[in-house]
Amino acid sequence: MAVSRPRAGLRLPGAEAAMTKGLVVTYLSLIVLIPLAAIAAKAFSAGPAEFWDTITQPQAIAALKLTAICSLIVVLINAVMGTLIAWVLVRDDFPGKAIVNSVIDLPFALPTIVASLTLLTLYGNDSFLGIHAAYTRFAVIIALLFVTLPFVVRAVQPLLLSLDRDMESAAESLGAGKVRIFTRIILPNLLPGIAAGVALAFARALGEFGALVLISGNVPYKTEVASVFIRGQIESDQVVGAAAVSVVLLVFSMCMLAFVNLIQKWGLRHDR
Amino acid sequence: MTETTDELPIESHGIEVRDVNKDFGDFQALRDVNLIVPDGSMTALLGPSGSGKSTLLRTIAGLEVPTSGQVFIGGEDQARKPVRTRNVGFVFQHYAAFKHMTVFDNIAFGLKVRKKNRSEIEERVNELIDLVQLTGLAKRYPSQLSGGQRQRMALARALAVEPSVLLLDEPFGALDAKVRKDLRTWLRRLHDEVHVTTIFVTHDQEEAMDIAEQIVVMNGGRIEQTGSATDLYDQPANEFVMGFVGEVNSLGGRLVRPHDTEILPVRSPDSVEVEIDRVVRLGFSGRVEMLTVPDKQEVWAQLTRSELETLNLESGSTAYVRPRPDALTRKDTGALDGTFREVSPDIHRPTYAGPELPV
C-alpha cells in the first residue's frame, strides 16, 4: 500500500512515459474518480442542509453506527486471529496444512450470497445445530468475519515467511524470553502487513451487502447495515439519500486508509 | 586430536567440549568432538561446508542441543541450558540486525533485557559505538549501513552484555574481499583489546591462519586436527588437513607441497613424467605449471629464480618431477578428490506448504 519512490530499473523513454502516464490517469479517472465524483455530486445536489438532514435521520444514523461498530470489532478480531492463523501456517507443520491454507481463500472466492445462505442454514430458524442466531447483530459480525477472513492472513503470511529467523536467535542469545522476542522483534516487523490486511478487511466490511442481506434480517434500528439501508433508499426512490449515506461510507473508508497508511509509514520507517 | 580426561575441566579453560555428538535424523553432524579453547584465546573452526563447524559453534552457543556430550563454559556443563542463560555473544553471517531498530537500540537490546538503567545503557552503548567505529551513526537504521558497518554493529550488540565467550559464524562471509580483509585485521586488534574468548567459523584457511591462535580443522563432523597455523602446515595429521591447509600436488600416490616439488631434466626411479605447460616468473621466485603424462593431471612447482635459470624449461618440453628428499608427504588415498562433502541439511529455514504468495 505504501508507494515507493522510483529507484533503479527499467524506465520508459520520454514520449512513451508521457503516454503511459496519460493512459493510467485516464483509466483511473474513468473507473474510479468520475463515479466517485458523481456520487458526491448527487449527494449534495439538494444542498448541504438536505445532505445533513438525510444522514442524520435516525434510521440512517443507526445503520451507519451499526456498520462502523461491527466493522471495527471485526477488524480487531481479524488482526489477532489473522496473525495467529498466518503464524500457524508458516511456523507450524501438521498434516493437511496445504488444505487449510487453501481453505483460507474460500470465503473470498465464494459468491457472497452463497455465504449468506450457508450461514442462514447454520444459524437460521431451521438450523440443524439448533442455534438461532439469524437476524441478530451477532449474525452480522459472524457474516463479516466470514468474508474478511483472508485479508490479514494473506497480508501477514509473506512477511512472516521472509522474516530473518536469525534475528530471533540473536535476541535469544542476548537473553530475551519468548514474550519479548515476539513483542519486540517479530510483531514490529509484521505490523505493516497487519495494517494492510486490516485496511482491506475494514473496507470490505463497510460495504458488505450480499453476505448480510439474508442473515441479518435487515431490521431497521437493529440489524440493518448501511449497504442494506442504501438499497432501501433506492427502492423507495430516495436516490439523494442513498448517495448521501454512500458518501459517508466513503469518508469512513478513506479515514481508515489514511490511518493505516500512517501505521505503515511508521512500521516501514527503517526501510527507506 | 585433543587429549581429554575424565577429570573436571580446569578453571582456566574458557570452553571445553567433551565427546559431543549431534544427529539431525540420519545425518551425523558432529561425531565424538573434543575441544579445549583456552580462556581469552582466539580459535578458528575451519572446514568445508557440511563439515559440522557451524553446528559445533551453534552447539557451544546453545542454539543446538547436542545428542550426547558435554559443553563446559566457565567450568560448568551448559550443554542442556538454553542460549539465553549462557551469556554468549553470537554474531551471524548475515548480521541478523534488528532491522526495525536503530543502531543504538540494536546495541542496547541486551542491556534492556538485563534491566539496566537508562543512563548506564546510554553510556555503555556510546562506548561500544566508538569501539566499533560507528560514531555518529547511532540513529541510523541497519538498511542505511554498509555490510561491514552492519557486522560491526552486530559485534557491538554481542559485546554489550559482556559475554563470557564470543562466537562468530562466518562473520565475514557475506562481505567483499577488501572489506573482509580489513575487518578481520580489525577483529584481531579488537580481540587484543577486549580479551574475550573467541571462536569463529570460516571456510577460508587464509582467514583462519591470519588471526587465530588455534585452528580446528573439521571434516565430515569430526575434528581432524587442532593446532597453530604452523603445526597444521608443517605437521598435518593426515592428507585432508594437508590438502585443506595449503596447496598440494598429487605425485605418484603421494601428496606434496609445490615448494617441495623438485623438477629433474632426466628420469629417476621415483619421478613422474610431466609436460611443461607454463613457466611464470615472479621476480625472485617462479612457478612452473605442468601436466602429468599420460593422465594430464595439473601439478605445479614453486622454484627460486636460480633454479629456474638452471633448469631452463620451455613449455611443451618433457621433464620429471618428484618430492624433494626431505619433503613432507602424505599418502594420497583420494580423499581430496571430488572434494569435500557438500552436505548441509537446511534445517534452519522456514517451511511453508501453501501456494506462492504475492509479496
# chains A, B, ... in the order shown; residues from 1 in each chain; ligands from 1
>>> select_by_dssp(residues="segment 112-356 of chain B", states="helix (DSSP H, G or I)", output="ChimeraX atom specification")
/B:112-113,118-131,142-144,147-159,177-194,205-211,229-234,239-244,258-260,305-311
>>> closest_atom_pairs(of="chain A", to="chain B", cutoff="7 Å", atoms="only C-alpha atoms", output="CSV")
residue,atom,partner,partner_atom,distance
A:Val90,CA,B:Tyr352,CA,5.4
A:Arg91,CA,B:Pro350,CA,6.8
A:Lys97,CA,B:Ala353,CA,6.7
A:Ala98,CA,B:Gly354,CA,5.2
A:Asn101,CA,B:Gly354,CA,5.8
A:Pro158,CA,B:Val359,CA,5.9
A:Leu161,CA,B:Pro350,CA,6.9
A:Asp164,CA,B:Ala96,CA,6.9
A:Asp166,CA,B:Ala96,CA,5.2
A:Met167,CA,B:Ala96,CA,4.7
A:Ala170,CA,B:Ala96,CA,6.7
A:Glu172,CA,B:Arg84,CA,5.2
A:Ser173,CA,B:Arg84,CA,4.8
A:Leu174,CA,B:Gly110,CA,4.9
A:Gly175,CA,B:Arg84,CA,4.1
A:Ala176,CA,B:Val113,CA,6.0
A:Asn189,CA,B:His100,CA,6.9
A:His270,CA,B:Tyr141,CA,5.5
A:Asp271,CA,B:Ser143,CA,6.4
>>> write_last_selection(atoms="N, CA, C and O atoms", output="compact mmCIF listing (two decimals), in the first residue's frame")
# COMPACT_ATOMS: atom_id res chain seq x y z
N VAL A 90 2.71 -20.67 8.75
CA VAL A 90 4.12 -20.52 8.38
C VAL A 90 5.03 -21.31 9.31
O VAL A 90 5.94 -21.99 8.87
N ARG A 91 4.78 -21.23 10.61
CA ARG A 91 5.75 -21.77 11.56
C ARG A 91 5.46 -23.21 12.01
O ARG A 91 6.35 -23.87 12.54
N LYS A 97 -1.85 -29.26 6.12
CA LYS A 97 -1.57 -27.83 6.17
C LYS A 97 -1.91 -27.14 4.84
O LYS A 97 -2.48 -26.05 4.81
N ALA A 98 -1.58 -27.82 3.74
CA ALA A 98 -1.84 -27.25 2.42
C ALA A 98 -3.34 -27.06 2.21
O ALA A 98 -3.77 -26.07 1.58
N ASN A 101 -4.48 -24.14 4.24
CA ASN A 101 -4.02 -22.94 3.57
C ASN A 101 -4.95 -22.53 2.42
O ASN A 101 -5.20 -21.35 2.21
N PRO A 158 3.33 -13.54 3.91
CA PRO A 158 4.63 -13.34 3.26
C PRO A 158 5.65 -12.64 4.15
O PRO A 158 6.84 -12.94 4.06
N LEU A 161 7.03 -15.17 6.45
CA LEU A 161 7.83 -16.12 5.69
C LEU A 161 9.22 -15.58 5.42
O LEU A 161 10.20 -16.30 5.45
N ASP A 164 13.72 -12.81 8.97
CA ASP A 164 15.02 -13.42 9.22
C ASP A 164 15.02 -14.06 10.62
O ASP A 164 15.01 -13.37 11.62
N ASP A 166 17.28 -15.56 12.15
CA ASP A 166 18.48 -15.30 12.94
C ASP A 166 18.26 -14.14 13.91
O ASP A 166 18.88 -14.07 14.95
N MET A 167 17.35 -13.21 13.51
CA MET A 167 17.02 -12.11 14.42
C MET A 167 16.52 -12.64 15.75
O MET A 167 16.86 -12.14 16.81
N ALA A 170 19.32 -14.24 17.61
CA ALA A 170 20.19 -13.20 18.16
C ALA A 170 19.57 -12.63 19.45
O ALA A 170 20.25 -12.48 20.46
N GLU A 172 17.50 -14.07 21.39
CA GLU A 172 17.54 -15.10 22.42
C GLU A 172 18.94 -15.17 23.05
O GLU A 172 19.07 -15.28 24.26
N SER A 173 19.97 -15.07 22.20
CA SER A 173 21.33 -15.14 22.73
C SER A 173 21.62 -13.94 23.62
O SER A 173 22.49 -13.98 24.47
N LEU A 174 20.88 -12.85 23.41
CA LEU A 174 21.08 -11.66 24.25
C LEU A 174 20.24 -11.73 25.53
O LEU A 174 20.20 -10.79 26.30
N GLY A 175 19.55 -12.85 25.70
CA GLY A 175 18.84 -13.06 26.97
C GLY A 175 17.34 -12.87 26.91
O GLY A 175 16.67 -12.99 27.93
N ALA A 176 16.80 -12.54 25.73
CA ALA A 176 15.37 -12.26 25.65
C ALA A 176 14.53 -13.53 25.77
O ALA A 176 14.90 -14.58 25.23
N ASN A 189 7.81 -6.20 12.96
CA ASN A 189 8.05 -6.49 11.55
C ASN A 189 6.80 -6.96 10.82
O ASN A 189 6.75 -6.98 9.59
N HIS A 270 12.18 2.26 8.82
CA HIS A 270 13.57 1.81 8.74
C HIS A 270 13.94 1.35 7.35
O HIS A 270 15.06 0.95 7.10
N ASP A 271 12.99 1.36 6.44
CA ASP A 271 13.22 0.74 5.14
C ASP A 271 13.26 1.76 4.02
O ASP A 271 12.82 1.48 2.93
>>> select_by_dssp(residues="segment 164-236 of chain B", states="strand (DSSP E or B)", output="list of chain:residue names")
B:Val165, B:Leu166, B:Leu167, B:Leu168, B:Asp169, B:Thr197, B:Thr198, B:Ile199, B:Phe200, B:Val201, B:Thr202, B:Gln214, B:Ile215, B:Val216, B:Val217, B:Met218, B:Asn219, B:Arg222, B:Ile223, B:Glu224, B:Gln225, B:Thr226, B:Gly227
>>> closest_residue(among="A:Gly232, A:Gly22, A:Gly210, A:Gly197", to="Pro111 of chain A", atoms="only C-alpha atoms")
A:Gly210
>>> residues_around(residues="segment 262-272 of chain B", least_positions_apart="6", cutoff="12 Å", atoms="only C-alpha atoms", output="PyMOL selection string")
chain B and resi 249-254+256+287-297+299-304+307-308+310-314+317-327
>>> residues_around(residues="Arg180 of chain B", least_positions_apart="5", cutoff="10 Å", atoms="only C-alpha atoms", output="list in words")
Gly147, Gly148, Pro171, Phe172, Gly173, Ala174, Leu175, Thr185, Trp186 and Glu207 of chain B
>>> write_last_selection(atoms="N, CA, C and O atoms", output="PDB file, in the first residue's frame")
ATOM      1  N   GLY B 147      27.562  -3.342   4.578  1.00  0.00           N
ATOM      2  CA  GLY B 147      27.693  -4.674   5.161  1.00  0.00           C
ATOM      3  C   GLY B 147      28.703  -4.711   6.309  1.00  0.00           C
ATOM      4  O   GLY B 147      28.429  -5.276   7.370  1.00  0.00           O
ATOM      5  N   GLY B 148      29.844  -4.089   6.088  1.00  0.00           N
ATOM      6  CA  GLY B 148      30.881  -4.068   7.112  1.00  0.00           C
ATOM      7  C   GLY B 148      30.411  -3.352   8.375  1.00  0.00           C
ATOM      8  O   GLY B 148      30.660  -3.802   9.493  1.00  0.00           O
ATOM      9  N   PRO B 171      31.672 -14.746  10.117  1.00  0.00           N
ATOM     10  CA  PRO B 171      31.315 -13.338  10.301  1.00  0.00           C
ATOM     11  C   PRO B 171      31.573 -12.459   9.082  1.00  0.00           C
ATOM     12  O   PRO B 171      30.938 -11.434   8.919  1.00  0.00           O
ATOM     13  N   PHE B 172      32.544 -12.881   8.258  1.00  0.00           N
ATOM     14  CA  PHE B 172      32.876 -12.021   7.113  1.00  0.00           C
ATOM     15  C   PHE B 172      32.425 -12.641   5.799  1.00  0.00           C
ATOM     16  O   PHE B 172      32.749 -12.160   4.730  1.00  0.00           O
ATOM     17  N   GLY B 173      31.684 -13.726   5.895  1.00  0.00           N
ATOM     18  CA  GLY B 173      31.287 -14.477   4.714  1.00  0.00           C
ATOM     19  C   GLY B 173      30.473 -13.710   3.703  1.00  0.00           C
ATOM     20  O   GLY B 173      30.512 -14.000   2.521  1.00  0.00           O
ATOM     21  N   ALA B 174      29.698 -12.719   4.169  1.00  0.00           N
ATOM     22  CA  ALA B 174      28.814 -12.004   3.250  1.00  0.00           C
ATOM     23  C   ALA B 174      29.441 -10.712   2.734  1.00  0.00           C
ATOM     24  O   ALA B 174      28.794  -9.932   2.055  1.00  0.00           O
ATOM     25  N   LEU B 175      30.726 -10.508   3.065  1.00  0.00           N
ATOM     26  CA  LEU B 175      31.352  -9.241   2.680  1.00  0.00           C
ATOM     27  C   LEU B 175      32.307  -9.425   1.508  1.00  0.00           C
ATOM     28  O   LEU B 175      32.806 -10.524   1.272  1.00  0.00           O
ATOM     29  N   THR B 185      41.413  -8.051  10.286  1.00  0.00           N
ATOM     30  CA  THR B 185      42.542  -7.432  10.984  1.00  0.00           C
ATOM     31  C   THR B 185      42.018  -6.624  12.165  1.00  0.00           C
ATOM     32  O   THR B 185      42.539  -6.667  13.271  1.00  0.00           O
ATOM     33  N   TRP B 186      40.923  -5.928  11.888  1.00  0.00           N
ATOM     34  CA  TRP B 186      40.302  -5.101  12.910  1.00  0.00           C
ATOM     35  C   TRP B 186      39.787  -5.970  14.062  1.00  0.00           C
ATOM     36  O   TRP B 186      39.945  -5.635  15.233  1.00  0.00           O
ATOM     37  N   GLU B 207      42.105 -16.834   6.222  1.00  0.00           N
ATOM     38  CA  GLU B 207      41.471 -16.065   7.281  1.00  0.00           C
ATOM     39  C   GLU B 207      41.802 -16.681   8.643  1.00  0.00           C
ATOM     40  O   GLU B 207      42.153 -15.985   9.587  1.00  0.00           O
TER      41      GLU B 207
END
>>> residues_around(residues="Asp192 of chain B", least_positions_apart="4", cutoff="12 Å", atoms="only C-alpha atoms", output="VMD selection string")
chain B and resid 40 to 42 185 to 188 196 to 198 211 to 213
>>> residues_around(residues="Gln133 of chain B", least_positions_apart="2", cutoff="12 Å", atoms="only C-alpha atoms", output="JSON, numbers by chain")
{"B": [126, 127, 128, 129, 130, 131, 135, 136, 137, 138, 148, 149, 150, 151, 152, 153, 155, 156, 183, 186, 187, 190]}
>>> write_last_selection(atoms="N, CA, C and O atoms", output="short mmCIF file (atom, residue, chain, number, x, y, z; two decimals), in the first residue's frame")
data_model
loop_
_atom_site.label_atom_id
_atom_site.label_comp_id
_atom_site.auth_asym_id
_atom_site.auth_seq_id
_atom_site.Cartn_x
_atom_site.Cartn_y
_atom_site.Cartn_z
N ASN B 126 27.16 4.06 23.88
CA ASN B 126 28.00 5.05 23.21
C ASN B 126 29.46 4.62 23.20
O ASN B 126 30.19 4.82 22.23
N GLU B 127 29.88 4.01 24.30
CA GLU B 127 31.23 3.49 24.40
C GLU B 127 31.48 2.44 23.30
O GLU B 127 32.50 2.47 22.62
N LEU B 128 30.50 1.53 23.16
CA LEU B 128 30.63 0.46 22.16
C LEU B 128 30.58 0.99 20.74
O LEU B 128 31.30 0.51 19.86
N ILE B 129 29.73 2.00 20.53
CA ILE B 129 29.64 2.59 19.19
C ILE B 129 31.00 3.16 18.79
O ILE B 129 31.46 2.99 17.66
N ASP B 130 31.68 3.78 19.75
CA ASP B 130 33.03 4.29 19.48
C ASP B 130 34.00 3.15 19.23
O ASP B 130 34.81 3.19 18.32
N LEU B 131 33.88 2.11 20.05
CA LEU B 131 34.78 0.96 19.94
C LEU B 131 34.72 0.31 18.56
O LEU B 131 35.74 -0.07 17.99
N THR B 135 30.77 5.80 15.27
CA THR B 135 30.48 7.09 15.88
C THR B 135 29.67 7.96 14.92
O THR B 135 30.02 8.06 13.75
N GLY B 136 28.58 8.52 15.43
CA GLY B 136 27.74 9.40 14.62
C GLY B 136 26.64 8.68 13.87
O GLY B 136 25.80 9.29 13.24
N LEU B 137 26.64 7.34 13.93
CA LEU B 137 25.63 6.59 13.18
C LEU B 137 24.57 5.97 14.10
O LEU B 137 23.78 5.13 13.66
N ALA B 138 24.54 6.40 15.35
CA ALA B 138 23.64 5.80 16.35
C ALA B 138 22.18 5.80 15.94
O ALA B 138 21.43 4.88 16.24
N GLY B 148 29.84 -4.09 6.09
CA GLY B 148 30.88 -4.07 7.11
C GLY B 148 30.41 -3.35 8.37
O GLY B 148 30.66 -3.80 9.49
N GLN B 149 29.70 -2.23 8.16
CA GLN B 149 29.17 -1.47 9.31
C GLN B 149 28.13 -2.28 10.07
O GLN B 149 28.09 -2.28 11.29
N ARG B 150 27.29 -3.01 9.32
CA ARG B 150 26.26 -3.83 9.96
C ARG B 150 26.89 -4.90 10.83
O ARG B 150 26.44 -5.18 11.93
N GLN B 151 27.97 -5.52 10.31
CA GLN B 151 28.61 -6.59 11.06
C GLN B 151 29.29 -6.03 12.30
O GLN B 151 29.28 -6.67 13.34
N ARG B 152 29.82 -4.81 12.20
CA ARG B 152 30.44 -4.21 13.38
C ARG B 152 29.38 -3.87 14.42
O ARG B 152 29.59 -4.01 15.62
N MET B 153 28.19 -3.44 13.92
CA MET B 153 27.08 -3.18 14.84
C MET B 153 26.67 -4.47 15.55
O MET B 153 26.45 -4.49 16.76
N LEU B 155 28.50 -6.98 16.16
CA LEU B 155 29.56 -7.31 17.11
C LEU B 155 29.40 -6.50 18.39
O LEU B 155 29.52 -7.03 19.50
N ALA B 156 29.11 -5.21 18.23
CA ALA B 156 28.90 -4.35 19.40
C ALA B 156 27.70 -4.83 20.21
O ALA B 156 27.72 -4.85 21.44
N LEU B 183 38.32 -6.10 7.96
CA LEU B 183 37.52 -6.37 9.14
C LEU B 183 38.17 -7.46 10.00
O LEU B 183 38.10 -7.43 11.21
N TRP B 186 40.92 -5.93 11.89
CA TRP B 186 40.30 -5.10 12.91
C TRP B 186 39.79 -5.97 14.06
O TRP B 186 39.95 -5.63 15.23
N LEU B 187 39.21 -7.11 13.73
CA LEU B 187 38.69 -8.02 14.76
C LEU B 187 39.84 -8.53 15.63
O LEU B 187 39.71 -8.65 16.85
N LEU B 190 40.77 -5.81 17.94
CA LEU B 190 39.71 -5.68 18.94
C LEU B 190 39.87 -6.77 20.00
O LEU B 190 39.76 -6.52 21.20
#
>>> closest_residue(among="A:Thr67, A:Ser253, A:Ser45, A:Ser246", to="Leu144 of chain A", atoms="only C-alpha atoms")
A:Thr67
>>> atom_distance(atom1="atom CA of Arg18 of chain B", atom2="atom CA of Thr67 of chain B")
12.2 Å
>>> atom_distance(atom1="atom CA of Trp87 of chain A", atom2="atom CA of Ile185 of chain A")
14.3 Å
>>> closest_residue(among="A:Leu163, A:Ala41, A:Ile55, A:Leu33", to="Ile230 of chain A", atoms="only C-alpha atoms")
A:Ile55
>>> decode(residues="segment 227-251 of chain B", atoms="N, CA, C and O atoms", output="PDB file, in the first residue's frame")
ATOM      1  N   GLY B 227      45.477 -27.193  16.213  1.00  0.00           N
ATOM      2  CA  GLY B 227      46.843 -26.711  16.415  1.00  0.00           C
ATOM      3  C   GLY B 227      47.028 -25.308  15.881  1.00  0.00           C
ATOM      4  O   GLY B 227      46.079 -24.692  15.385  1.00  0.00           O
ATOM      5  N   SER B 228      48.256 -24.810  15.970  1.00  0.00           N
ATOM      6  CA  SER B 228      48.543 -23.477  15.441  1.00  0.00           C
ATOM      7  C   SER B 228      48.677 -23.591  13.922  1.00  0.00           C
ATOM      8  O   SER B 228      48.778 -24.697  13.378  1.00  0.00           O
ATOM      9  N   ALA B 229      48.721 -22.449  13.258  1.00  0.00           N
ATOM     10  CA  ALA B 229      48.836 -22.444  11.805  1.00  0.00           C
ATOM     11  C   ALA B 229      50.092 -23.188  11.365  1.00  0.00           C
ATOM     12  O   ALA B 229      50.062 -23.973  10.415  1.00  0.00           O
ATOM     13  N   THR B 230      51.185 -22.963  12.087  1.00  0.00           N
ATOM     14  CA  THR B 230      52.455 -23.625  11.747  1.00  0.00           C
ATOM     15  C   THR B 230      52.349 -25.140  11.919  1.00  0.00           C
ATOM     16  O   THR B 230      52.785 -25.899  11.059  1.00  0.00           O
ATOM     17  N   ASP B 231      51.759 -25.575  13.043  1.00  0.00           N
ATOM     18  CA  ASP B 231      51.566 -27.018  13.279  1.00  0.00           C
ATOM     19  C   ASP B 231      50.838 -27.664  12.108  1.00  0.00           C
ATOM     20  O   ASP B 231      51.234 -28.710  11.604  1.00  0.00           O
ATOM     21  N   LEU B 232      49.739 -27.042  11.734  1.00  0.00           N
ATOM     22  CA  LEU B 232      48.891 -27.633  10.702  1.00  0.00           C
ATOM     23  C   LEU B 232      49.624 -27.695   9.364  1.00  0.00           C
ATOM     24  O   LEU B 232      49.512 -28.667   8.624  1.00  0.00           O
ATOM     25  N   TYR B 233      50.395 -26.661   9.088  1.00  0.00           N
ATOM     26  CA  TYR B 233      51.071 -26.596   7.798  1.00  0.00           C
ATOM     27  C   TYR B 233      52.254 -27.553   7.753  1.00  0.00           C
ATOM     28  O   TYR B 233      52.446 -28.285   6.780  1.00  0.00           O
ATOM     29  N   ASP B 234      53.027 -27.558   8.843  1.00  0.00           N
ATOM     30  CA  ASP B 234      54.257 -28.370   8.851  1.00  0.00           C
ATOM     31  C   ASP B 234      54.011 -29.818   9.245  1.00  0.00           C
ATOM     32  O   ASP B 234      54.744 -30.704   8.816  1.00  0.00           O
ATOM     33  N   GLN B 235      53.027 -30.050  10.118  1.00  0.00           N
ATOM     34  CA  GLN B 235      52.781 -31.427  10.557  1.00  0.00           C
ATOM     35  C   GLN B 235      51.312 -31.807  10.426  1.00  0.00           C
ATOM     36  O   GLN B 235      50.637 -32.064  11.420  1.00  0.00           O
ATOM     37  N   PRO B 236      50.804 -31.791   9.225  1.00  0.00           N
ATOM     38  CA  PRO B 236      49.391 -32.157   9.068  1.00  0.00           C
ATOM     39  C   PRO B 236      49.149 -33.580   9.536  1.00  0.00           C
ATOM     40  O   PRO B 236      49.951 -34.468   9.234  1.00  0.00           O
ATOM     41  N   ALA B 237      48.073 -33.793  10.267  1.00  0.00           N
ATOM     42  CA  ALA B 237      47.775 -35.109  10.825  1.00  0.00           C
ATOM     43  C   ALA B 237      47.460 -36.102   9.717  1.00  0.00           C
ATOM     44  O   ALA B 237      47.691 -37.291   9.858  1.00  0.00           O
ATOM     45  N   ASN B 238      46.915 -35.613   8.635  1.00  0.00           N
ATOM     46  CA  ASN B 238      46.536 -36.526   7.553  1.00  0.00           C
ATOM     47  C   ASN B 238      46.411 -35.763   6.236  1.00  0.00           C
ATOM     48  O   ASN B 238      46.612 -34.544   6.192  1.00  0.00           O
ATOM     49  N   GLU B 239      46.103 -36.490   5.208  1.00  0.00           N
ATOM     50  CA  GLU B 239      46.037 -35.877   3.879  1.00  0.00           C
ATOM     51  C   GLU B 239      44.966 -34.795   3.790  1.00  0.00           C
ATOM     52  O   GLU B 239      45.110 -33.817   3.075  1.00  0.00           O
ATOM     53  N   PHE B 240      43.861 -34.973   4.560  1.00  0.00           N
ATOM     54  CA  PHE B 240      42.813 -33.964   4.481  1.00  0.00           C
ATOM     55  C   PHE B 240      43.332 -32.625   4.959  1.00  0.00           C
ATOM     56  O   PHE B 240      43.170 -31.596   4.316  1.00  0.00           O
ATOM     57  N   VAL B 241      43.972 -32.641   6.125  1.00  0.00           N
ATOM     58  CA  VAL B 241      44.496 -31.397   6.695  1.00  0.00           C
ATOM     59  C   VAL B 241      45.542 -30.811   5.759  1.00  0.00           C
ATOM     60  O   VAL B 241      45.553 -29.612   5.477  1.00  0.00           O
ATOM     61  N   MET B 242      46.395 -31.658   5.249  1.00  0.00           N
ATOM     62  CA  MET B 242      47.437 -31.186   4.348  1.00  0.00           C
ATOM     63  C   MET B 242      46.829 -30.483   3.123  1.00  0.00           C
ATOM     64  O   MET B 242      47.293 -29.432   2.707  1.00  0.00           O
ATOM     65  N   GLY B 243      45.787 -31.103   2.591  1.00  0.00           N
ATOM     66  CA  GLY B 243      45.169 -30.536   1.399  1.00  0.00           C
ATOM     67  C   GLY B 243      44.345 -29.297   1.693  1.00  0.00           C
ATOM     68  O   GLY B 243      44.218 -28.410   0.859  1.00  0.00           O
ATOM     69  N   PHE B 244      43.765 -29.251   2.904  1.00  0.00           N
ATOM     70  CA  PHE B 244      42.883 -28.113   3.194  1.00  0.00           C
ATOM     71  C   PHE B 244      43.676 -26.898   3.654  1.00  0.00           C
ATOM     72  O   PHE B 244      43.292 -25.777   3.393  1.00  0.00           O
ATOM     73  N   VAL B 245      44.789 -27.162   4.340  1.00  0.00           N
ATOM     74  CA  VAL B 245      45.630 -26.057   4.806  1.00  0.00           C
ATOM     75  C   VAL B 245      46.847 -25.990   3.897  1.00  0.00           C
ATOM     76  O   VAL B 245      47.818 -26.694   4.102  1.00  0.00           O
ATOM     77  N   GLY B 246      46.774 -25.154   2.880  1.00  0.00           N
ATOM     78  CA  GLY B 246      47.887 -25.025   1.943  1.00  0.00           C
ATOM     79  C   GLY B 246      47.642 -25.803   0.670  1.00  0.00           C
ATOM     80  O   GLY B 246      46.724 -26.592   0.566  1.00  0.00           O
ATOM     81  N   GLU B 247      48.550 -25.594  -0.305  1.00  0.00           N
ATOM     82  CA  GLU B 247      48.398 -26.210  -1.621  1.00  0.00           C
ATOM     83  C   GLU B 247      49.109 -27.557  -1.675  1.00  0.00           C
ATOM     84  O   GLU B 247      50.113 -27.762  -0.988  1.00  0.00           O
ATOM     85  N   VAL B 248      48.583 -28.468  -2.481  1.00  0.00           N
ATOM     86  CA  VAL B 248      49.256 -29.759  -2.645  1.00  0.00           C
ATOM     87  C   VAL B 248      49.205 -30.229  -4.094  1.00  0.00           C
ATOM     88  O   VAL B 248      48.317 -29.870  -4.855  1.00  0.00           O
ATOM     89  N   ASN B 249      50.223 -31.048  -4.443  1.00  0.00           N
ATOM     90  CA  ASN B 249      50.215 -31.780  -5.710  1.00  0.00           C
ATOM     91  C   ASN B 249      50.059 -33.240  -5.372  1.00  0.00           C
ATOM     92  O   ASN B 249      50.464 -33.681  -4.294  1.00  0.00           O
ATOM     93  N   SER B 250      49.471 -34.001  -6.270  1.00  0.00           N
ATOM     94  CA  SER B 250      49.440 -35.443  -6.093  1.00  0.00           C
ATOM     95  C   SER B 250      50.448 -36.047  -7.065  1.00  0.00           C
ATOM     96  O   SER B 250      50.296 -35.945  -8.277  1.00  0.00           O
ATOM     97  N   LEU B 251      51.509 -36.643  -6.513  1.00  0.00           N
ATOM     98  CA  LEU B 251      52.569 -37.212  -7.350  1.00  0.00           C
ATOM     99  C   LEU B 251      52.718 -38.695  -7.050  1.00  0.00           C
ATOM    100  O   LEU B 251      53.166 -39.064  -5.956  1.00  0.00           O
TER     101      LEU B 251
END
